[in-house]
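Here the structure is laid out as structure tokens; the discussion comes afterwards.
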Amino acid sequence: MAAPDGSVVPDLKRNLPGRGCWIKAERHIVDEAVKRKLLPRALKTQVSVPADLGSLVDRLLTKSALGSLALARKSGAVVTGSAKVDSAVRTGRVTMVLHATTAAPDGIRKLDQARHARKMATGADIKAYSLFTGDEMDLAFGGGNVIHAAVIEGTAATGFVTRALQLHKYRGESAANLENLAATAAKETESE
């Protein structure tokens with residue numbers, strides 16, 4: 001979106017007035033558009049494009065997802081802590097599992113076992129994502145040392161799930177890729 005001051009502003013909610021252009025919401029595409037100077041041409045006006053536009057969009061998507069996660073937590077749609085997450089995955093209706101990017105490979109592996117057991121028992125494939133740092137998760141949960149969380153199915157969690165998947169897609173990381181990274185990290189830890 002072209003702002004009145006001649007700068008480019010991301011319109012994540014798609015509701016800003018004025019002239020805009022569409023870019024697929026994927027980091028590598030935004031970075032390529034900035035690199036190739038495609039935004040002034042698409043907007044048909046001279047605009048200043050921040051060199052870190054891709055990073056800015058990532059930060060805005062992260063902030064939106066974390067705010068929605070905090071609301072889901074307040075409504076009781078999220079449980080935290082490895083033991084509670086494990087129990088919720090095995091017995092409840094969990095939509096998504098979250099791991100802090102600083103989560104230990106062993107903790108991820110244990111919760112992956114719970115997810116796998118649930119899949120074998122019910123066919124429900126619960127995806128796991130590492131979208132936020134430990135500090136970001138602590139902020140969303142109002143303190144504490146939050147490393148693992150489970151999002152419970154229901155309307156209270158719908159907004160967060162939508163935003164989390166949007167952030168995940170923007171970053172271009174597949175759930176399978178994250179699981180492979182966790183498995184690789186676990187193997188490296190075992191060999192040390």
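Labels used: A, B, ... for chains in the order of the structure tokens, numbers from 1 for residues in each chain, and numbers from 1 for ligands as shown.
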With a distance cut-off of 6 Å and only C-alpha atoms, select the neighbouring residues of stretch 81-91 of chain A, excluding the residue or stretch itself and same-chain residues fewer than 3 positions from it, and output the selection as a ChimeraX atom specification.
/A:94,111,114,118,148-150
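Those residues in stretch 119-163 of chain A carrying a DSSP assignment of alpha helix (DSSP H), computed from the backbone, are Lys119, Met120, Ala121, Thr122, Gly134, Asp135, Glu136, Met137, Asp138, Leu139, Ala140, Thr155, Ala156, Ala157, Thr158, Gly159, Phe160, Val161, Thr162 and Arg163 of chain A.
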Just give me the gap between atom CA of A:Gln113 and atom CA of A:Asp125 in Å, one decimal is fine.
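Separation between atom CA of A:Gln113 and atom CA of A:Asp125: 12.1 Å.
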Between atom CA of A:Ala77 and atom CA of A:Ile152, what distance in Å does the model show, to one decimal?
5.1 Å
Please identify all polymer residues within 10 Å of A:Leu69, counting only C-alpha atoms, omitting same-chain residues fewer than 6 positions from it, and present them as a list in words.
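So, after excluding close chain neighbours, the residues are Lys63, Ser75, Ala77, Val78, Met137, Ala140, Phe141, Val151, Ala156, Ala157, Thr158, Gly159, Phe160, Val161, Arg163 and Ala164 of chain A.
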If we count only C-alpha atoms and set the cut-off at 12 Å, which residues sit around A:Met1, ignoring sequence neighbours fewer than 2 positions away in its own chain? Please answer as a ChimeraX atom specification.
/A:3-23,39-40,42-45,47-49
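Closest approach to A:Ala65 among A:Asp138, A:Leu131, A:Pro50, A:Gly107 is made by A:Leu131 (distances from only C-alpha atoms).
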